[in-house]
$ cat data29.cif   # mmCIF, C-alpha atoms
data_final
#
loop_
_atom_site.label_atom_id
_atom_site.label_comp_id
_atom_site.auth_asym_id
_atom_site.auth_seq_id
_atom_site.Cartn_x
_atom_site.Cartn_y
_atom_site.Cartn_z
CA MET A 1 68.20 52.07 -114.35
CA LYS A 2 68.19 53.55 -110.83
CA ASP A 3 66.82 50.29 -109.47
CA LEU A 4 69.60 48.31 -111.19
CA ILE A 5 72.28 50.63 -109.80
CA SER A 6 70.80 50.41 -106.30
CA LEU A 7 70.56 46.62 -106.54
CA SER A 8 74.16 46.29 -107.74
CA LEU A 9 75.43 48.49 -104.92
CA SER A 10 73.38 46.56 -102.37
CA ILE A 11 74.85 43.26 -103.60
CA PHE A 12 78.37 44.68 -103.42
CA LEU A 13 77.84 45.95 -99.89
CA PHE A 14 76.29 42.68 -98.77
CA PHE A 15 79.37 40.74 -99.74
CA ASN A 16 81.96 43.35 -98.87
CA VAL A 17 80.59 45.38 -95.95
CA GLY A 18 78.82 42.55 -94.19
CA ILE A 19 81.61 40.00 -94.49
CA SER A 20 84.91 41.90 -94.66
CA GLY A 21 86.61 41.53 -91.29
CA ALA A 22 83.59 39.73 -89.82
CA GLN A 23 85.69 36.72 -88.84
CA ASN A 24 87.28 38.83 -86.10
CA LEU A 25 83.98 39.90 -84.55
CA PRO A 26 82.21 38.11 -81.71
CA GLU A 27 79.43 35.81 -82.86
CA LYS A 28 75.82 36.77 -82.26
CA PRO A 29 73.78 33.55 -82.28
CA GLY A 30 70.62 33.74 -84.38
CA TRP A 31 71.79 36.84 -86.23
CA LYS A 32 73.62 37.51 -89.49
CA LEU A 33 76.00 40.47 -89.79
CA THR A 34 74.90 42.79 -92.62
CA PHE A 35 76.93 45.95 -92.00
CA HIS A 36 79.81 46.97 -89.79
CA ASP A 37 82.56 49.52 -89.50
CA GLU A 38 85.26 49.17 -86.83
CA PHE A 39 86.90 52.48 -87.88
CA ASN A 40 90.37 50.96 -88.03
CA ASP A 41 91.47 52.97 -91.09
CA THR A 42 92.87 56.50 -91.18
CA LYS A 43 89.82 57.98 -92.93
CA LEU A 44 86.15 57.24 -93.47
CA SER A 45 85.26 54.63 -96.08
CA ASP A 46 83.61 56.07 -99.19
CA TRP A 47 81.86 52.72 -99.68
CA TYR A 48 80.10 53.00 -96.32
CA TRP A 49 79.46 56.68 -95.57
CA TYR A 50 78.47 60.06 -96.92
CA PRO A 51 80.63 62.54 -94.93
CA SER A 52 78.07 65.33 -94.67
CA TYR A 53 74.77 66.16 -93.04
CA ARG A 54 71.77 65.46 -95.28
CA SER A 55 73.16 67.47 -98.15
CA GLY A 56 70.19 66.74 -100.40
CA ARG A 57 67.63 68.64 -98.33
CA LYS A 58 66.24 71.55 -100.34
CA ILE A 59 66.01 73.79 -97.28
CA PHE A 60 69.79 73.90 -96.95
CA PHE A 61 70.17 75.55 -100.34
CA LYS A 62 68.13 78.44 -98.94
CA GLU A 63 69.64 78.44 -95.46
CA LEU A 64 73.21 78.60 -96.73
CA GLU A 65 72.41 82.10 -97.96
CA ILE A 66 71.50 83.22 -94.42
CA PRO A 67 74.48 83.82 -92.09
CA SER A 68 72.58 82.84 -88.94
CA ARG A 69 71.75 79.32 -90.22
CA TRP A 70 73.72 76.17 -91.07
CA GLN A 71 76.90 77.20 -92.85
CA ASP A 72 78.99 74.04 -93.24
CA LEU A 73 77.46 70.60 -93.83
CA ALA A 74 80.77 68.80 -94.38
CA THR A 75 81.87 66.34 -91.69
CA ASN A 76 84.63 67.40 -89.33
CA TYR A 77 86.24 64.30 -87.86
CA VAL A 78 89.43 62.52 -86.86
CA MET A 79 90.17 58.80 -86.65
CA GLU A 80 92.64 57.76 -83.97
CA ASP A 81 93.45 54.33 -82.52
CA GLY A 82 90.37 52.70 -84.07
CA ILE A 83 87.99 55.43 -82.87
CA LEU A 84 85.96 57.75 -85.08
CA LYS A 85 85.59 61.18 -83.47
CA LEU A 86 82.86 63.39 -84.90
CA ARG A 87 84.30 66.71 -83.84
CA LEU A 88 83.25 70.27 -83.15
CA ASP A 89 86.16 72.62 -82.53
CA GLU A 90 86.83 76.36 -82.48
CA ASN A 91 86.70 76.83 -86.25
CA LEU A 92 85.19 73.69 -87.78
CA PRO A 93 82.51 73.16 -88.88
CA ALA A 94 82.82 76.68 -90.30
CA ARG A 95 80.46 79.20 -88.67
CA SER A 96 80.26 82.91 -87.92
CA THR A 97 80.84 82.51 -84.18
CA ARG A 98 81.95 79.58 -82.04
CA THR A 99 78.43 79.21 -80.57
CA GLU A 100 76.65 79.23 -83.95
CA LYS A 101 74.48 76.26 -84.90
CA CYS A 102 76.55 73.50 -86.58
CA VAL A 103 76.83 69.75 -87.04
CA SER A 104 79.37 67.04 -87.81
CA SER A 105 77.58 64.02 -89.23
CA ILE A 106 77.88 60.87 -91.36
CA GLN A 107 75.15 58.78 -92.98
CA THR A 108 74.71 55.69 -95.13
CA SER A 109 72.23 57.21 -97.61
CA ASP A 110 71.55 60.56 -99.24
CA HIS A 111 69.34 61.90 -102.02
CA ARG A 112 69.09 64.51 -104.73
CA PHE A 113 65.92 66.22 -105.89
CA GLY A 114 65.14 67.11 -109.48
CA LYS A 115 62.82 69.88 -110.57
CA THR A 116 60.01 68.66 -108.33
CA THR A 117 59.71 66.66 -105.12
CA GLY A 118 58.42 63.80 -107.24
CA GLU A 119 61.76 63.66 -109.04
CA TYR A 120 64.53 62.41 -106.83
CA GLN A 121 67.44 60.02 -106.71
CA VAL A 122 68.09 57.93 -103.60
CA MET A 123 71.76 57.09 -103.15
CA ASP A 124 71.89 54.17 -100.72
CA LYS A 125 75.14 52.76 -99.40
CA PHE A 126 73.29 50.82 -96.73
CA ALA A 127 69.68 50.59 -95.56
CA GLN A 128 67.76 47.81 -93.84
CA LYS A 129 64.28 46.98 -92.57
CA TYR A 130 64.20 45.29 -89.14
CA GLY A 131 67.19 43.91 -87.30
CA TRP A 132 69.73 44.75 -84.61
CA PHE A 133 71.56 48.09 -84.69
CA GLU A 134 74.47 48.53 -82.30
CA ILE A 135 77.07 51.17 -81.45
CA ARG A 136 79.84 51.43 -78.89
CA SER A 137 80.40 55.09 -78.13
CA LYS A 138 81.16 57.90 -75.72
CA MET A 139 79.31 61.24 -75.84
CA PRO A 140 80.41 64.76 -74.88
CA LYS A 141 78.75 66.98 -72.30
CA GLY A 142 77.97 70.67 -72.59
CA ASP A 143 74.94 72.92 -72.95
CA GLY A 144 73.70 73.06 -76.52
CA LEU A 145 75.39 69.81 -77.61
CA HIS A 146 73.47 66.83 -78.93
CA SER A 147 74.81 63.38 -79.91
CA ALA A 148 72.50 61.23 -82.03
CA PHE A 149 72.25 57.75 -83.57
CA TRP A 150 69.24 57.74 -85.90
CA LEU A 151 67.45 55.58 -88.42
CA LEU A 152 65.67 57.47 -91.21
CA GLN A 153 63.68 56.33 -94.25
CA THR A 154 65.55 56.67 -97.51
CA ASN A 155 62.74 58.29 -99.50
CA PRO A 156 63.17 62.05 -98.96
CA ASN A 157 59.40 62.52 -99.09
CA ASP A 158 58.99 60.12 -96.14
CA GLN A 159 61.37 61.74 -93.65
CA GLU A 160 60.64 63.75 -90.52
CA TYR A 161 60.65 67.03 -92.45
CA THR A 162 58.88 67.54 -95.76
CA PRO A 163 61.04 68.84 -98.63
CA GLU A 164 59.55 72.28 -97.81
CA ASN A 165 60.88 71.91 -94.23
CA ARG A 166 57.58 71.39 -92.44
CA ARG A 167 58.04 69.07 -89.49
CA ARG A 168 55.53 66.22 -89.60
CA GLN A 169 53.09 65.52 -86.79
CA VAL A 170 51.59 62.51 -85.04
CA GLY A 171 49.34 60.68 -87.48
CA GLU A 172 51.45 61.33 -90.57
CA GLY A 173 53.30 58.02 -90.37
CA VAL A 174 56.25 56.58 -88.49
CA VAL A 175 59.33 57.82 -90.31
CA GLU A 176 62.19 57.97 -87.78
CA ILE A 177 63.71 55.90 -84.98
CA ASP A 178 66.15 57.51 -82.56
CA ILE A 179 68.31 54.77 -81.10
CA PHE A 180 69.44 57.60 -78.88
CA GLU A 181 69.49 61.37 -78.74
CA GLN A 182 71.92 62.35 -75.98
CA PRO A 183 71.54 66.01 -74.95
CA GLY A 184 74.83 67.35 -73.67
CA SER A 185 72.95 69.14 -70.90
CA LYS A 186 71.68 65.78 -69.56
CA VAL A 187 74.98 63.88 -69.61
CA GLU A 188 75.86 64.56 -65.97
CA ARG A 189 72.24 63.79 -65.01
CA GLN A 190 72.79 60.41 -66.74
CA ILE A 191 69.65 60.75 -68.88
CA ASN A 192 69.34 59.69 -72.53
CA GLU A 193 66.40 60.04 -74.92
CA PHE A 194 64.77 57.38 -77.15
CA ASN A 195 62.17 58.32 -79.77
CA VAL A 196 59.85 56.90 -82.40
CA HIS A 197 58.61 59.74 -84.61
CA PHE A 198 55.72 60.29 -85.00
CA THR A 199 53.72 58.32 -82.43
CA LYS A 200 51.82 59.38 -79.33
CA ASN A 201 53.84 57.19 -76.97
CA GLY A 202 57.13 57.16 -78.83
CA HIS A 203 59.27 59.20 -76.43
CA TYR A 204 61.18 57.73 -73.49
CA SER A 205 63.72 59.31 -71.13
CA CYS A 206 66.15 56.68 -69.91
CA SER A 207 68.00 56.90 -66.58
CA MET A 208 71.23 55.11 -67.44
CA GLY A 209 73.03 55.01 -64.09
CA PHE A 210 76.32 56.29 -65.52
CA ASP A 211 77.89 59.36 -67.10
CA PRO A 212 78.18 58.56 -70.86
CA SER A 213 81.02 61.06 -71.31
CA LYS A 214 83.40 59.20 -69.00
CA ASP A 215 83.63 55.83 -70.75
CA PHE A 216 82.44 53.82 -73.74
CA HIS A 217 79.13 51.95 -73.54
CA VAL A 218 77.19 49.76 -75.96
CA TYR A 219 73.79 51.01 -77.13
CA ALA A 220 71.56 48.79 -79.26
CA LEU A 221 68.11 48.62 -80.78
CA GLU A 222 66.19 45.52 -81.83
CA TRP A 223 63.61 46.47 -84.46
CA ASN A 224 60.79 44.02 -85.15
CA GLU A 225 57.38 44.47 -86.73
CA GLY A 226 55.32 46.40 -84.16
CA GLU A 227 58.06 46.34 -81.54
CA LEU A 228 61.26 48.20 -80.65
CA ILE A 229 63.56 47.11 -77.82
CA TRP A 230 66.41 49.28 -76.54
CA TYR A 231 69.47 47.89 -74.78
CA ILE A 232 72.40 49.47 -72.95
CA ASP A 233 75.43 47.29 -72.27
CA GLY A 234 73.33 44.21 -73.09
CA ARG A 235 70.55 45.08 -70.65
CA GLU A 236 67.03 45.78 -71.88
CA VAL A 237 66.04 49.28 -70.77
CA HIS A 238 62.88 50.03 -72.74
CA ARG A 239 60.32 48.27 -74.92
CA TYR A 240 57.90 49.99 -77.28
CA ILE A 241 54.86 48.22 -78.72
CA GLY A 242 53.03 50.00 -81.51
CA GLU A 243 53.36 51.31 -85.03
CA THR A 244 56.80 50.89 -86.57
CA PRO A 245 58.28 52.01 -89.92
CA GLN A 246 57.36 49.91 -92.95
CA LYS A 247 60.35 50.70 -95.15
CA GLU A 248 64.11 50.30 -95.12
CA MET A 249 65.99 52.85 -93.06
CA PHE A 250 69.52 54.21 -93.22
CA ILE A 251 71.98 55.10 -90.46
CA LEU A 252 72.79 58.65 -89.43
CA LEU A 253 75.28 59.66 -86.72
CA GLY A 254 75.74 63.25 -85.69
CA LEU A 255 77.13 65.67 -83.15
CA TYR A 256 75.12 68.89 -83.16
CA GLN A 257 75.47 72.28 -81.53
CA GLY A 258 72.69 74.76 -80.96
CA ILE A 259 69.68 72.85 -82.26
CA PHE A 260 68.22 72.17 -78.77
CA GLY A 261 69.22 75.14 -76.70
CA ALA A 262 72.01 77.68 -76.95
CA ALA A 263 75.62 76.54 -76.78
CA ASP A 264 77.69 77.43 -73.74
CA PRO A 265 79.89 80.38 -74.86
CA ASP A 266 82.63 79.24 -72.47
CA MET A 267 82.56 75.59 -73.53
CA PRO A 268 86.07 74.25 -74.19
CA TYR A 269 86.79 72.68 -77.57
CA PRO A 270 87.18 70.23 -79.16
CA ARG A 271 83.98 68.37 -78.34
CA ASP A 272 83.93 64.79 -79.67
CA PHE A 273 81.25 62.14 -80.22
CA GLU A 274 83.53 59.08 -80.09
CA ILE A 275 82.51 55.88 -81.88
CA ASP A 276 84.34 52.60 -81.53
CA TYR A 277 82.16 50.63 -83.95
CA ILE A 278 78.80 50.31 -85.70
CA ARG A 279 77.34 46.82 -86.29
CA VAL A 280 74.03 45.83 -87.88
CA TYR A 281 72.49 42.37 -88.03
CA SER A 282 69.41 40.72 -89.48
CA ARG A 283 67.65 37.59 -88.24
CA GLU A 284 68.99 34.37 -89.73
#
$ encode --input "data29.cif" --output "structure tokens"
Amino acid sequence: MKDLISLSLSIFLFFNVGISGAQNLPEKPGWKLTFHDEFNDTKLSDWYWYPSYRSGRKIFFKELEIPSRWQDLATNYVMEDGILKLRLDENLPARSTRTEKCVSSIQTSDHRFGKTTGEYQVMDKFAQKYGWFEIRSKMPKGDGLHSAFWLLQTNPNDQEYTPENRRRQVGEGVVEIDIFEQPGSKVERQINEFNVHFTKNGHYSCSMGFDPSKDFHVYALEWNEGELIWYIDGREVHRYIGETPQKEMFILLGLYQGIFGAADPDMPYPRDFEIDYIRVYSRE
């Protein structure tokens, strides 16, 4: 039954997400549009996104009982003038102090565990193996901030953390692609981070030549079997040859505070990860 539900939803999204509004988008020769959101509505689409951060992870049910850990997994955002703004402000996401660890995130798949890690339900709204993944965005600066555009495998037992919250290591399989991880502390240094977890040579620090907090830029990944190619504003900036994921992956976007270094206590709010659009293609 789960397979039939997943198949039905995938068919619906193929015809509605991939095609709706596509006639207004620029053509990409050799590619077929499979998913896009231009964020032209007043709220996030329930058909496209889960407005929370990985709410199925078992570790969060334990951490929510501890005041010093994640306290609010719900997405804090605004949509203005065709721009989605994943937002951290003084009070939201809810936390004990303004510098406490928090996240505002959306994703195209989630899961729920049963009594054991072998019993789970994957709730895909969109996932794809191989293709072109593109975003036009602007990222905030500030110590302790982190803007991310990830691809993760849908099976919760095949993600970067085990259900028991043990982080996997090199040799345990390639389970995550970071189209970018932009540390707020490196924005003014014009450095972005690309990653393929978990491989020996999967990390790359990219010198972009611009401050990503000052204007919008287009970041893209081309994912092929055994190859990943990163682009910024249409220019190839890095190519990885090696092991790549073997399963469909879903999209996750997030603005984090306090996961890689302490947040600046004097940082002004709000802090926004601004997204103009997300577009995904597959080869024709």
$ closest_residue --input "data29.cif" --among "A:Met267, A:Met123, A:Leu151, A:Leu73" --to "Cys102 of chain A" --atoms "all atoms listed in the file"
A:Leu73
$ resolve_selection --input "data29.cif" --expression "the PyMOL selection byres ((chain A and resi 48-60) around 7)" --output "list in words"
Ser45, Asp46, Trp47, Phe61, Lys62, Glu63, Leu64, Leu73, Ala74, Thr75, Ser105, Ile106, Gln107, Thr108, Ser109, Asp110, His111, Arg112, Phe113, Lys125, Pro163, Glu164 and Asn165 of chain A
$ closest_residue --input "data29.cif" --among "A:Asn201, A:Ser147, A:Thr154, A:Thr162" --to "Gln128 of chain A" --atoms "all atoms listed in the file"
A:Thr154
$ closest_residue --input "data29.cif" --among "A:Tyr231, A:Phe198, A:Tyr240, A:Tyr277" --to "Tyr219 of chain A" --atoms "all atoms listed in the file"
A:Tyr231
$ atom_distance --input "data29.cif" --atom1 "atom CA of Gln190 of chain A" --atom2 "atom CA of Leu86 of chain A"
21.0 Å
$ residues_around --input "data29.cif" --residues "Glu227 of chain A" --least-positions-apart "5" --cutoff "7 Å" --atoms "all atoms listed in the file" --output "PyMOL selection string"
chain A and resi 240-242+244
